[in-house]
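Just target_1.tsv here, TSV, C-alpha atoms and all ligand atoms:
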```tsv
chain	number	residue	atom	x	y	z
E	1	MET	CA	17.33	27.11	9.37
E	2	LYS	CA	16.62	23.40	8.83
E	3	LYS	CA	15.04	21.21	11.49
E	4	VAL	CA	16.64	17.76	11.66
E	5	LEU	CA	15.43	14.62	13.44
E	6	VAL	CA	18.21	12.19	14.39
E	7	THR	CA	17.03	8.69	15.36
E	8	GLY	CA	19.34	6.29	17.19
E	9	ALA	CA	20.47	9.50	18.87
E	10	THR	CA	21.92	7.65	21.88
E	11	GLY	CA	23.96	5.40	19.61
E	12	ARG	CA	27.71	5.73	19.30
E	13	THR	CA	27.50	7.44	15.90
E	14	GLY	CA	24.03	9.01	16.33
E	15	SER	CA	25.11	10.89	19.47
E	16	LEU	CA	28.11	12.34	17.59
E	17	VAL	CA	25.80	13.55	14.82
E	18	VAL	CA	23.54	15.27	17.37
E	19	LYS	CA	26.54	16.98	18.99
E	20	LYS	CA	28.00	18.11	15.65
E	21	LEU	CA	24.65	19.51	14.47
E	22	ARG	CA	24.11	21.30	17.77
E	23	GLU	CA	27.44	23.09	17.14
E	24	LYS	CA	25.89	24.47	13.94
E	25	SER	CA	22.90	26.04	15.63
E	26	ALA	CA	22.74	28.89	13.10
E	27	GLN	CA	21.97	26.35	10.35
E	28	PHE	CA	20.28	23.46	12.12
E	29	GLN	CA	17.76	22.86	14.85
E	30	VAL	CA	18.16	19.28	16.08
E	31	VAL	CA	15.68	16.96	17.73
E	32	GLY	CA	16.55	13.43	18.81
E	33	LEU	CA	14.56	10.21	19.10
E	34	ALA	CA	15.73	7.70	21.69
E	35	ARG	CA	14.23	4.95	23.82
E	36	ASN	CA	16.22	5.43	27.02
E	37	GLU	CA	15.85	8.65	29.01
E	38	ALA	CA	18.69	7.89	31.42
E	39	LYS	CA	21.08	7.35	28.51
E	40	VAL	CA	20.07	10.71	26.97
E	41	LYS	CA	20.74	12.46	30.29
E	42	GLU	CA	24.09	10.73	30.61
E	43	ILE	CA	25.23	11.65	27.08
E	44	PHE	CA	23.70	15.12	26.66
E	45	GLY	CA	23.13	16.31	30.22
E	46	SER	CA	19.39	16.90	29.67
E	47	THR	CA	16.43	15.55	27.73
E	48	ASP	CA	15.71	18.89	26.05
E	49	ASP	CA	14.66	18.49	22.38
E	50	PHE	CA	14.27	14.72	22.74
E	51	PHE	CA	11.36	12.44	21.96
E	52	PHE	CA	11.13	8.97	23.45
E	53	GLY	CA	9.89	5.63	22.16
E	54	THR	CA	10.60	2.78	19.81
E	55	ILE	CA	10.94	3.15	16.06
E	56	LYS	CA	8.87	-0.03	15.84
E	57	GLU	CA	5.84	2.20	16.47
E	58	LYS	CA	5.15	4.50	13.56
E	59	GLY	CA	3.15	6.85	15.80
E	60	VAL	CA	6.27	7.49	17.89
E	61	VAL	CA	8.23	8.47	14.78
E	62	GLU	CA	5.32	10.60	13.51
E	63	LYS	CA	5.33	12.66	16.69
E	64	ALA	CA	9.10	13.23	16.62
E	65	ILE	CA	9.28	14.05	12.92
E	66	SER	CA	6.46	16.57	12.87
E	67	GLY	CA	7.76	19.97	11.65
E	68	CYS	CA	11.15	18.60	10.59
E	69	ASP	CA	12.79	19.07	7.17
E	70	ILE	CA	15.41	16.31	7.32
E	71	LEU	CA	15.63	12.83	8.87
E	72	VAL	CA	18.92	11.17	9.83
E	73	ILE	CA	18.49	7.42	10.49
E	74	LEU	CA	21.07	5.98	12.86
E	75	THR	CA	19.09	3.18	14.45
E	76	SER	CA	20.28	-0.37	14.22
E	77	ALA	CA	19.54	-3.74	15.77
E	78	VAL	CA	22.17	-4.28	18.47
E	79	PRO	CA	23.50	-7.84	19.01
E	80	GLN	CA	24.00	-8.94	22.61
E	81	ILE	CA	26.60	-11.36	24.00
E	82	LYS	CA	25.17	-14.77	25.05
E	83	GLY	CA	25.93	-15.59	28.67
E	84	LYS	CA	29.44	-15.15	30.04
E	85	PRO	CA	31.99	-16.54	27.58
E	86	GLU	CA	34.74	-18.75	29.07
E	87	PRO	CA	38.17	-17.08	28.84
E	88	GLY	CA	39.81	-17.96	25.54
E	89	THR	CA	36.50	-18.80	23.82
E	90	ARG	CA	34.76	-16.69	21.20
E	91	PRO	CA	31.62	-14.94	22.47
E	92	GLU	CA	28.33	-15.88	20.84
E	93	PHE	CA	25.80	-13.18	19.96
E	94	TYR	CA	22.02	-13.04	19.67
E	95	PHE	CA	19.32	-10.41	19.06
E	96	PRO	CA	16.75	-9.92	21.85
E	97	GLU	CA	13.13	-10.90	21.20
E	98	GLY	CA	11.41	-8.21	19.11
E	99	GLU	CA	14.72	-6.50	18.28
E	100	SER	CA	15.89	-8.58	15.30
E	101	PRO	CA	17.40	-6.97	12.21
E	102	GLU	CA	14.19	-7.74	10.32
E	103	GLU	CA	12.17	-5.84	12.95
E	104	ILE	CA	14.62	-2.95	13.53
E	105	ASP	CA	16.70	-2.59	10.37
E	106	TYR	CA	13.90	-3.35	7.92
E	107	TYR	CA	10.46	-2.65	9.46
E	108	GLY	CA	11.85	-0.03	11.87
E	109	GLN	CA	13.54	1.87	9.05
E	110	LYS	CA	10.50	1.43	6.82
E	111	ASN	CA	8.36	3.02	9.57
E	112	GLN	CA	10.73	5.98	9.65
E	113	ILE	CA	10.74	6.39	5.86
E	114	ASP	CA	6.94	6.10	5.67
E	115	ALA	CA	6.48	8.65	8.47
E	116	ALA	CA	8.98	10.95	6.74
E	117	LYS	CA	7.07	10.75	3.47
E	118	GLU	CA	3.78	11.54	5.18
E	119	ALA	CA	5.38	14.47	7.05
E	120	GLY	CA	6.73	15.98	3.82
E	121	ILE	CA	10.40	15.46	4.75
E	122	ASN	CA	12.60	16.32	1.80
E	123	GLN	CA	15.88	14.62	2.66
E	124	ILE	CA	16.89	11.42	4.48
E	125	ILE	CA	20.43	10.43	5.43
E	126	LEU	CA	20.79	6.74	6.30
E	127	VAL	CA	23.91	5.22	7.82
E	128	GLY	CA	24.31	1.53	7.06
E	129	SER	CA	27.04	-1.00	6.66
E	130	MET	CA	29.32	-2.32	3.97
E	131	GLY	CA	29.14	-6.04	3.18
E	132	GLY	CA	25.51	-6.19	2.02
E	133	THR	CA	26.35	-7.69	-1.39
E	134	ASP	CA	27.61	-10.87	0.29
E	135	GLU	CA	24.89	-13.16	1.63
E	136	ASN	CA	27.58	-15.19	3.39
E	137	HIS	CA	29.12	-12.22	5.19
E	138	PRO	CA	29.89	-13.27	8.81
E	139	LEU	CA	27.64	-10.48	10.17
E	140	ASN	CA	24.67	-12.20	8.51
E	141	LYS	CA	25.42	-15.31	10.60
E	142	ILE	CA	24.93	-13.49	13.94
E	143	GLY	CA	21.80	-15.13	15.31
E	144	ASN	CA	21.23	-16.27	11.69
E	145	ALA	CA	19.49	-12.91	11.38
E	146	ASN	CA	20.84	-11.65	8.02
E	147	ILE	CA	21.43	-8.15	9.33
E	148	LEU	CA	23.16	-6.86	6.19
E	149	ILE	CA	20.44	-8.26	3.94
E	150	TRP	CA	17.70	-6.48	5.91
E	151	LYS	CA	19.72	-3.25	5.98
E	152	ARG	CA	20.17	-3.38	2.21
E	153	LYS	CA	16.45	-4.05	1.68
E	154	ALA	CA	15.67	-0.92	3.71
E	155	GLU	CA	18.17	1.07	1.61
E	156	GLN	CA	16.29	0.03	-1.53
E	157	TYR	CA	13.01	1.04	0.14
E	158	LEU	CA	14.46	4.48	0.82
E	159	ILE	CA	15.67	4.87	-2.78
E	160	ASP	CA	12.21	3.87	-4.03
E	161	SER	CA	10.49	6.36	-1.69
E	162	GLY	CA	11.21	9.31	-3.97
E	163	ILE	CA	12.65	11.35	-1.07
E	164	ASP	CA	16.18	12.75	-1.65
E	165	TYR	CA	18.55	10.28	0.00
E	166	THR	CA	22.15	9.82	1.00
E	167	ILE	CA	23.09	6.28	2.02
E	168	ILE	CA	26.44	6.02	3.80
E	169	ARG	CA	27.63	2.40	4.14
E	170	ALA	CA	30.50	2.41	6.57
E	171	GLY	CA	33.30	-0.09	7.02
E	172	GLY	CA	34.21	-1.31	10.52
E	173	LEU	CA	33.53	1.53	12.96
E	174	LEU	CA	36.30	2.81	15.22
E	175	ASN	CA	36.03	4.93	18.37
E	176	GLU	CA	38.94	7.13	17.34
E	177	PRO	CA	39.21	10.86	16.72
E	178	GLY	CA	37.83	12.16	13.45
E	179	GLY	CA	39.57	14.48	10.99
E	180	LYS	CA	42.83	12.51	11.07
E	181	ARG	CA	42.29	10.30	8.05
E	182	ALA	CA	41.71	10.61	4.30
E	183	LEU	CA	38.31	9.15	3.47
E	184	LEU	CA	37.63	6.84	0.53
E	185	VAL	CA	34.30	6.14	-1.17
E	186	SER	CA	33.22	3.39	-3.53
E	187	LYS	CA	30.35	1.00	-4.18
E	188	ASN	CA	29.36	-2.70	-4.42
E	189	ASP	CA	31.71	-3.66	-1.57
E	190	GLU	CA	34.74	-3.06	-3.84
E	191	LEU	CA	36.66	-1.56	-0.90
E	192	LEU	CA	36.00	-4.72	1.13
E	193	LYS	CA	37.08	-7.00	-1.70
E	194	ASN	CA	40.12	-4.95	-2.76
E	195	PRO	CA	41.15	-2.39	-0.16
E	196	PRO	CA	43.88	-0.15	-1.65
E	197	ASP	CA	47.33	-1.30	-0.43
E	198	GLY	CA	45.50	-3.83	1.80
E	199	ILE	CA	44.56	-1.15	4.35
E	200	PRO	CA	42.06	-2.06	7.11
E	201	THR	CA	38.49	-1.54	5.93
E	202	SER	CA	37.53	0.69	8.84
E	203	ILE	CA	36.57	4.29	9.61
E	204	PRO	CA	36.17	6.31	12.84
E	205	ARG	CA	32.58	6.97	13.95
E	206	GLU	CA	33.48	10.67	14.16
E	207	ASP	CA	34.34	10.71	10.45
E	208	VAL	CA	31.06	8.98	9.62
E	209	ALA	CA	29.22	11.62	11.69
E	210	GLU	CA	31.05	14.33	9.75
E	211	LEU	CA	30.00	12.71	6.46
E	212	VAL	CA	26.39	12.91	7.68
E	213	VAL	CA	26.74	16.61	8.52
E	214	GLN	CA	28.42	17.36	5.20
E	215	SER	CA	25.67	15.43	3.35
E	216	LEU	CA	23.16	17.89	4.75
E	217	GLN	CA	25.08	20.82	3.27
E	218	ILE	CA	26.52	19.67	-0.07
E	219	LYS	CA	24.17	19.13	-2.99
E	220	GLU	CA	26.46	16.53	-4.63
E	221	ALA	CA	25.55	14.15	-1.77
E	222	LYS	CA	21.89	14.06	-2.77
E	223	ASN	CA	20.50	10.84	-4.21
E	224	LYS	CA	23.72	8.94	-3.73
E	225	ALA	CA	24.61	5.65	-2.01
E	226	PHE	CA	28.19	4.73	-1.25
E	227	ASP	CA	30.60	2.63	0.80
E	228	THR	CA	33.24	4.39	2.86
E	229	ILE	CA	36.45	3.55	4.71
E	230	SER	CA	39.45	5.62	5.76
E	231	LYS	CA	43.16	5.48	5.09
E	232	PRO	CA	45.16	4.95	8.28
E	233	ALA	CA	46.00	8.06	10.31
E	234	SER	CA	49.57	9.33	10.14
E	235	GLU	CA	51.83	8.38	13.04
E	236	SER	CA	52.16	12.02	14.06
E	237	GLY	CA	48.36	12.25	14.19
E	238	GLU	CA	48.14	15.38	12.07
E	239	ASN	CA	44.78	16.61	10.82
E	240	VAL	CA	43.62	15.69	7.31
E	241	LYS	CA	41.32	18.00	5.37
E	242	ASN	CA	38.95	15.96	3.23
E	243	ASP	CA	37.43	17.64	0.16
E	244	PHE	CA	33.83	16.56	0.75
E	245	VAL	CA	32.45	18.04	-2.49
E	246	ASN	CA	34.98	16.02	-4.45
E	247	LEU	CA	34.26	12.88	-2.40
E	248	PHE	CA	30.52	13.15	-3.04
E	249	LYS	CA	31.17	13.80	-6.75
E	250	GLN	CA	32.78	10.35	-6.89
E	251	THR	CA	29.55	8.71	-5.62
E	252	THR	CA	26.59	7.56	-7.72
E	253	PRO	CA	22.80	7.17	-7.44
E	254	GLY	CA	21.11	3.81	-6.80
E	255	LEU	CA	21.96	0.95	-4.43
Y	301	LIG	P1	24.84	1.83	17.88
Y	301	LIG	O1	25.75	2.47	18.87
Y	301	LIG	O2	24.69	0.34	17.95
Y	301	LIG	O3	23.43	2.55	17.96
Y	301	LIG	C1	22.23	1.98	17.53
Y	301	LIG	C2	21.12	2.88	18.01
Y	301	LIG	O4	19.86	2.35	17.59
Y	301	LIG	C3	21.07	3.02	19.54
Y	301	LIG	O5	20.89	4.37	19.87
Y	301	LIG	C4	19.84	2.23	19.92
Y	301	LIG	O6	19.21	2.70	21.08
Y	301	LIG	C5	18.98	2.50	18.70
Y	301	LIG	N1	17.86	1.55	18.62
Y	301	LIG	C6	17.92	0.21	18.46
Y	301	LIG	N2	16.67	-0.31	18.48
Y	301	LIG	C7	15.83	0.73	18.65
Y	301	LIG	C8	14.42	0.85	18.78
Y	301	LIG	N3	13.62	-0.24	18.72
Y	301	LIG	N4	13.86	2.08	18.92
Y	301	LIG	C9	14.65	3.19	19.00
Y	301	LIG	N5	16.00	3.16	18.89
Y	301	LIG	C10	16.58	1.92	18.73
Y	301	LIG	O7	25.31	2.25	16.40
Y	301	LIG	P2	26.78	2.41	15.83
Y	301	LIG	O8	27.66	1.30	16.29
Y	301	LIG	O9	27.21	3.79	16.01
Y	301	LIG	O10	26.51	2.12	14.27
Y	301	LIG	C11	25.82	3.05	13.46
Y	301	LIG	C12	25.40	2.35	12.16
Y	301	LIG	O11	26.58	1.91	11.47
Y	301	LIG	C13	24.55	1.11	12.37
Y	301	LIG	O12	23.61	1.01	11.33
Y	301	LIG	C14	25.56	-0.01	12.27
Y	301	LIG	O13	24.98	-1.24	11.88
Y	301	LIG	C15	26.43	0.53	11.17
Y	301	LIG	N6	27.78	-0.08	11.11
Y	301	LIG	C16	28.39	-0.59	12.21
Y	301	LIG	C17	29.67	-1.11	12.09
Y	301	LIG	C18	30.44	-1.59	13.29
Y	301	LIG	O14	31.66	-1.83	13.16
Y	301	LIG	N7	29.81	-1.70	14.45
Y	301	LIG	C19	30.31	-1.15	10.86
Y	301	LIG	C20	29.66	-0.59	9.77
Y	301	LIG	C21	28.40	-0.05	9.89
Y	301	LIG	P3	19.85	2.44	22.56
Y	301	LIG	O15	20.94	3.48	22.66
Y	301	LIG	O16	18.72	2.68	23.46
Y	301	LIG	O17	20.39	1.05	22.55
```
The structure given in the file should be rewritten as structure tokens.
Ligand code: NAP
Amino acid sequence: MKKVLVTGATGRTGSLVVKKLREKSAQFQVVGLARNEAKVKEIFGSTDDFFFGTIKEKGVVEKAISGCDILVILTSAVPQIKGKPEPGTRPEFYFPEGESPEEIDYYGQKNQIDAAKEAGINQIILVGSMGGTDENHPLNKIGNANILIWKRKAEQYLIDSGIDYTIIRAGGLLNEPGGKRALLVSKNDELLKNPPDGIPTSIPREDVAELVVQSLQIKEAKNKAFDTISKPASESGENVKNDFVNLFKQTTPGL
């Protein structure tokens, strides 16, 4: 039985990871870290097995991680829409004071990795984003906050920590059912630059959550970092069985 801490557990992908791991209660005991009690109650029905606080405070992470074997990092700075955009105009985004990518995606993740190291955690799964090789990526322009640059810096910090890692850099996230699409893996934003047959560079959050769960169980996922997108689902919506061992075998160590 492995005890897993999931941070960002009220997030759209983090909450799916918590639910999937709770379904495997013979293998995993799950605890969540979140900052909003009402949101936890709304998503999970109760606050059982939850810790509360901000990942900006290392002490908060230390408390939640105590006694765990594995850490899953699903926190992220969340951009907010500025004002009320006029119909037909593009919304502008900003990061709230104290919640910038530098503070959340770099220092917040660093806090988690440092606390994990001190707690003797032996595996960390980190979900990040594709696009980090391109300084001029439009996501870096949101609030001029370089979100992908800070995320990538944190990924390097994790690799350098010496803890076994799996870094999953997703394409555009979709709120669509999982298990309906063949997954693809690659590196260095190759899938963004040259998507096979020009397919959309996206992936359902449920499939990303499944990749996290599989990473905890398949040794070929250890010490690997990769980009991932999905092929489109078939029109009939039939299930697709991905061979996760084979997928992870295609991935490589290092950023
Ligand atoms: P999300 O719903 O935005 O969740 C982010 C989580 O981080 C939330 O639970 C949020 O808490 C938590 N958080 C933020 N600041 C925190 C703090 N100071 N202390 C504690 N928790 C904090 O995430 P997602 O959209 O599922 O994305 C998952 C990951 O994939 C992210 O790293 C994201 O950047 C990446 N990604 C996103 C896309 C995309 O298309 N959106 C594409 C590729 C990769 P609250 O619930 O309280 O807000």
Report task. Would you mind listing what lies within 10 Å of region 89-104 of chain E as a VMD selection string, with only C-alpha atoms counted and same-chain residues fewer than 2 positions away left out? Result -> chain E and resid 54 to 56 75 to 87 106 to 111 140 to 151 153 to 154
Report task. Around ligand LIG 301 (chain Y), at most 8 Å away and counting all atoms listed in the file, which residues are there? Put them as number ranges by chain, please. Result -> E: 7-15, 33-36, 39, 53-56, 74-78, 99, 104-105, 108, 127-130, 151, 169-174, 202, 205
With C-alpha atoms retained, export the selected residues as a PDB file, in the coordinates of the input.
```pdb
ATOM      1  CA  THR E   7      17.030   8.690  15.360  1.00  0.00           C
ATOM      2  CA  GLY E   8      19.340   6.290  17.190  1.00  0.00           C
ATOM      3  CA  ALA E   9      20.470   9.500  18.870  1.00  0.00           C
ATOM      4  CA  THR E  10      21.920   7.650  21.880  1.00  0.00           C
ATOM      5  CA  GLY E  11      23.960   5.400  19.610  1.00  0.00           C
ATOM      6  CA  ARG E  12      27.710   5.730  19.300  1.00  0.00           C
ATOM      7  CA  THR E  13      27.500   7.440  15.900  1.00  0.00           C
ATOM      8  CA  GLY E  14      24.030   9.010  16.330  1.00  0.00           C
ATOM      9  CA  SER E  15      25.110  10.890  19.470  1.00  0.00           C
ATOM     10  CA  LEU E  33      14.560  10.210  19.100  1.00  0.00           C
ATOM     11  CA  ALA E  34      15.730   7.700  21.690  1.00  0.00           C
ATOM     12  CA  ARG E  35      14.230   4.950  23.820  1.00  0.00           C
ATOM     13  CA  ASN E  36      16.220   5.430  27.020  1.00  0.00           C
ATOM     14  CA  LYS E  39      21.080   7.350  28.510  1.00  0.00           C
ATOM     15  CA  GLY E  53       9.890   5.630  22.160  1.00  0.00           C
ATOM     16  CA  THR E  54      10.600   2.780  19.810  1.00  0.00           C
ATOM     17  CA  ILE E  55      10.940   3.150  16.060  1.00  0.00           C
ATOM     18  CA  LYS E  56       8.870  -0.030  15.840  1.00  0.00           C
ATOM     19  CA  LEU E  74      21.070   5.980  12.860  1.00  0.00           C
ATOM     20  CA  THR E  75      19.090   3.180  14.450  1.00  0.00           C
ATOM     21  CA  SER E  76      20.280  -0.370  14.220  1.00  0.00           C
ATOM     22  CA  ALA E  77      19.540  -3.740  15.770  1.00  0.00           C
ATOM     23  CA  VAL E  78      22.170  -4.280  18.470  1.00  0.00           C
ATOM     24  CA  GLU E  99      14.720  -6.500  18.280  1.00  0.00           C
ATOM     25  CA  ILE E 104      14.620  -2.950  13.530  1.00  0.00           C
ATOM     26  CA  ASP E 105      16.700  -2.590  10.370  1.00  0.00           C
ATOM     27  CA  GLY E 108      11.850  -0.030  11.870  1.00  0.00           C
ATOM     28  CA  VAL E 127      23.910   5.220   7.820  1.00  0.00           C
ATOM     29  CA  GLY E 128      24.310   1.530   7.060  1.00  0.00           C
ATOM     30  CA  SER E 129      27.040  -1.000   6.660  1.00  0.00           C
ATOM     31  CA  MET E 130      29.320  -2.320   3.970  1.00  0.00           C
ATOM     32  CA  LYS E 151      19.720  -3.250   5.980  1.00  0.00           C
ATOM     33  CA  ARG E 169      27.630   2.400   4.140  1.00  0.00           C
ATOM     34  CA  ALA E 170      30.500   2.410   6.570  1.00  0.00           C
ATOM     35  CA  GLY E 171      33.300  -0.090   7.020  1.00  0.00           C
ATOM     36  CA  GLY E 172      34.210  -1.310  10.520  1.00  0.00           C
ATOM     37  CA  LEU E 173      33.530   1.530  12.960  1.00  0.00           C
ATOM     38  CA  LEU E 174      36.300   2.810  15.220  1.00  0.00           C
ATOM     39  CA  SER E 202      37.530   0.690   8.840  1.00  0.00           C
ATOM     40  CA  ARG E 205      32.580   6.970  13.950  1.00  0.00           C
TER      41      ARG E 205
END
```
**Report entry** Neighbours of point (25.7, 21.6, 5.4) within 12 Å, using all atoms listed in the file, written as a ChimeraX atom specification
**Finding:** /E:1-2,4,20-21,23-28,70,210-222,244-245
Residue subset to file, keeping C-alpha atoms, as a PDB file, in the coordinates of the input:
```
ATOM      1  CA  MET E   1      17.330  27.110   9.370  1.00  0.00           C
ATOM      2  CA  LYS E   2      16.620  23.400   8.830  1.00  0.00           C
ATOM      3  CA  VAL E   4      16.640  17.760  11.660  1.00  0.00           C
ATOM      4  CA  LYS E  20      28.000  18.110  15.650  1.00  0.00           C
ATOM      5  CA  LEU E  21      24.650  19.510  14.470  1.00  0.00           C
ATOM      6  CA  GLU E  23      27.440  23.090  17.140  1.00  0.00           C
ATOM      7  CA  LYS E  24      25.890  24.470  13.940  1.00  0.00           C
ATOM      8  CA  SER E  25      22.900  26.040  15.630  1.00  0.00           C
ATOM      9  CA  ALA E  26      22.740  28.890  13.100  1.00  0.00           C
ATOM     10  CA  GLN E  27      21.970  26.350  10.350  1.00  0.00           C
ATOM     11  CA  PHE E  28      20.280  23.460  12.120  1.00  0.00           C
ATOM     12  CA  ILE E  70      15.410  16.310   7.320  1.00  0.00           C
ATOM     13  CA  GLU E 210      31.050  14.330   9.750  1.00  0.00           C
ATOM     14  CA  LEU E 211      30.000  12.710   6.460  1.00  0.00           C
ATOM     15  CA  VAL E 212      26.390  12.910   7.680  1.00  0.00           C
ATOM     16  CA  VAL E 213      26.740  16.610   8.520  1.00  0.00           C
ATOM     17  CA  GLN E 214      28.420  17.360   5.200  1.00  0.00           C
ATOM     18  CA  SER E 215      25.670  15.430   3.350  1.00  0.00           C
ATOM     19  CA  LEU E 216      23.160  17.890   4.750  1.00  0.00           C
ATOM     20  CA  GLN E 217      25.080  20.820   3.270  1.00  0.00           C
ATOM     21  CA  ILE E 218      26.520  19.670  -0.070  1.00  0.00           C
ATOM     22  CA  LYS E 219      24.170  19.130  -2.990  1.00  0.00           C
ATOM     23  CA  GLU E 220      26.460  16.530  -4.630  1.00  0.00           C
ATOM     24  CA  ALA E 221      25.550  14.150  -1.770  1.00  0.00           C
ATOM     25  CA  LYS E 222      21.890  14.060  -2.770  1.00  0.00           C
ATOM     26  CA  PHE E 244      33.830  16.560   0.750  1.00  0.00           C
ATOM     27  CA  VAL E 245      32.450  18.040  -2.490  1.00  0.00           C
TER      28      VAL E 245
END
```
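One distance worth recording is that between CA of Asn188 (chain E) and CA of Glu206 (chain E), which is 23.3 Å.
The gap separating CA of Lys19 (chain E) from CA of Lys41 (chain E) is 13.5 Å, in Å to one decimal.
Near Leu126 (chain E), within 9 Å and counting only C-alpha atoms, sit Leu71, Val72, Ile73, Leu74, Glu155, Leu158, Tyr165, Thr166, Ile167, Ile168, Arg169 and Val212 of chain E; same-chain residues fewer than 3 positions away were not included.
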Have region 91-106 of chain E completed to N, CA, C and O atoms, please, and pass it along as a PDB file, in the coordinates of the input.
```pdb
ATOM      1  N   PRO E  91      32.991 -15.166  21.981  1.00  0.00           N
ATOM      2  CA  PRO E  91      31.620 -14.940  22.470  1.00  0.00           C
ATOM      3  C   PRO E  91      30.599 -15.246  21.371  1.00  0.00           C
ATOM      4  O   PRO E  91      30.891 -15.102  20.194  1.00  0.00           O
ATOM      5  N   GLU E  92      29.421 -15.700  21.796  1.00  0.00           N
ATOM      6  CA  GLU E  92      28.330 -15.880  20.840  1.00  0.00           C
ATOM      7  C   GLU E  92      27.365 -14.722  21.001  1.00  0.00           C
ATOM      8  O   GLU E  92      27.193 -14.202  22.111  1.00  0.00           O
ATOM      9  N   PHE E  93      26.714 -14.319  19.914  1.00  0.00           N
ATOM     10  CA  PHE E  93      25.800 -13.180  19.960  1.00  0.00           C
ATOM     11  C   PHE E  93      24.378 -13.596  19.589  1.00  0.00           C
ATOM     12  O   PHE E  93      24.169 -14.586  18.899  1.00  0.00           O
ATOM     13  N   TYR E  94      23.417 -12.820  20.063  1.00  0.00           N
ATOM     14  CA  TYR E  94      22.020 -13.040  19.670  1.00  0.00           C
ATOM     15  C   TYR E  94      21.305 -11.683  19.653  1.00  0.00           C
ATOM     16  O   TYR E  94      21.826 -10.688  20.166  1.00  0.00           O
ATOM     17  N   PHE E  95      20.147 -11.620  19.013  1.00  0.00           N
ATOM     18  CA  PHE E  95      19.320 -10.410  19.060  1.00  0.00           C
ATOM     19  C   PHE E  95      18.155 -10.659  20.005  1.00  0.00           C
ATOM     20  O   PHE E  95      17.496 -11.698  19.912  1.00  0.00           O
ATOM     21  N   PRO E  96      17.870  -9.716  20.920  1.00  0.00           N
ATOM     22  CA  PRO E  96      16.750  -9.920  21.850  1.00  0.00           C
ATOM     23  C   PRO E  96      15.419 -10.050  21.091  1.00  0.00           C
ATOM     24  O   PRO E  96      15.275  -9.510  19.990  1.00  0.00           O
ATOM     25  N   GLU E  97      14.500 -10.736  21.722  1.00  0.00           N
ATOM     26  CA  GLU E  97      13.130 -10.900  21.200  1.00  0.00           C
ATOM     27  C   GLU E  97      12.565  -9.536  20.766  1.00  0.00           C
ATOM     28  O   GLU E  97      12.632  -8.570  21.534  1.00  0.00           O
ATOM     29  N   GLY E  98      12.042  -9.461  19.581  1.00  0.00           N
ATOM     30  CA  GLY E  98      11.410  -8.210  19.110  1.00  0.00           C
ATOM     31  C   GLY E  98      12.404  -7.181  18.595  1.00  0.00           C
ATOM     32  O   GLY E  98      12.017  -6.102  18.167  1.00  0.00           O
ATOM     33  N   GLU E  99      13.697  -7.484  18.659  1.00  0.00           N
ATOM     34  CA  GLU E  99      14.720  -6.500  18.280  1.00  0.00           C
ATOM     35  C   GLU E  99      15.637  -7.087  17.195  1.00  0.00           C
ATOM     36  O   GLU E  99      16.835  -6.788  17.162  1.00  0.00           O
ATOM     37  N   SER E 100      15.075  -7.943  16.346  1.00  0.00           N
ATOM     38  CA  SER E 100      15.890  -8.580  15.300  1.00  0.00           C
ATOM     39  C   SER E 100      16.169  -7.572  14.186  1.00  0.00           C
ATOM     40  O   SER E 100      15.473  -6.559  14.049  1.00  0.00           O
ATOM     41  N   PRO E 101      17.162  -7.837  13.358  1.00  0.00           N
ATOM     42  CA  PRO E 101      17.400  -6.970  12.210  1.00  0.00           C
ATOM     43  C   PRO E 101      16.167  -6.810  11.306  1.00  0.00           C
ATOM     44  O   PRO E 101      15.923  -5.728  10.787  1.00  0.00           O
ATOM     45  N   GLU E 102      15.391  -7.885  11.147  1.00  0.00           N
ATOM     46  CA  GLU E 102      14.190  -7.740  10.320  1.00  0.00           C
ATOM     47  C   GLU E 102      13.256  -6.686  10.933  1.00  0.00           C
ATOM     48  O   GLU E 102      12.732  -5.807  10.248  1.00  0.00           O
ATOM     49  N   GLU E 103      13.092  -6.769  12.276  1.00  0.00           N
ATOM     50  CA  GLU E 103      12.170  -5.840  12.950  1.00  0.00           C
ATOM     51  C   GLU E 103      12.717  -4.421  13.053  1.00  0.00           C
ATOM     52  O   GLU E 103      11.972  -3.445  12.913  1.00  0.00           O
ATOM     53  N   ILE E 104      14.035  -4.283  13.309  1.00  0.00           N
ATOM     54  CA  ILE E 104      14.620  -2.950  13.530  1.00  0.00           C
ATOM     55  C   ILE E 104      15.182  -2.365  12.230  1.00  0.00           C
ATOM     56  O   ILE E 104      14.869  -1.224  11.860  1.00  0.00           O
ATOM     57  N   ASP E 105      16.007  -3.153  11.529  1.00  0.00           N
ATOM     58  CA  ASP E 105      16.700  -2.590  10.370  1.00  0.00           C
ATOM     59  C   ASP E 105      15.811  -2.561   9.122  1.00  0.00           C
ATOM     60  O   ASP E 105      16.040  -1.745   8.236  1.00  0.00           O
ATOM     61  N   TYR E 106      14.821  -3.458   9.056  1.00  0.00           N
ATOM     62  CA  TYR E 106      13.900  -3.350   7.920  1.00  0.00           C
ATOM     63  C   TYR E 106      12.611  -2.630   8.328  1.00  0.00           C
ATOM     64  O   TYR E 106      12.402  -1.472   7.948  1.00  0.00           O
TER      65      TYR E 106
END
```
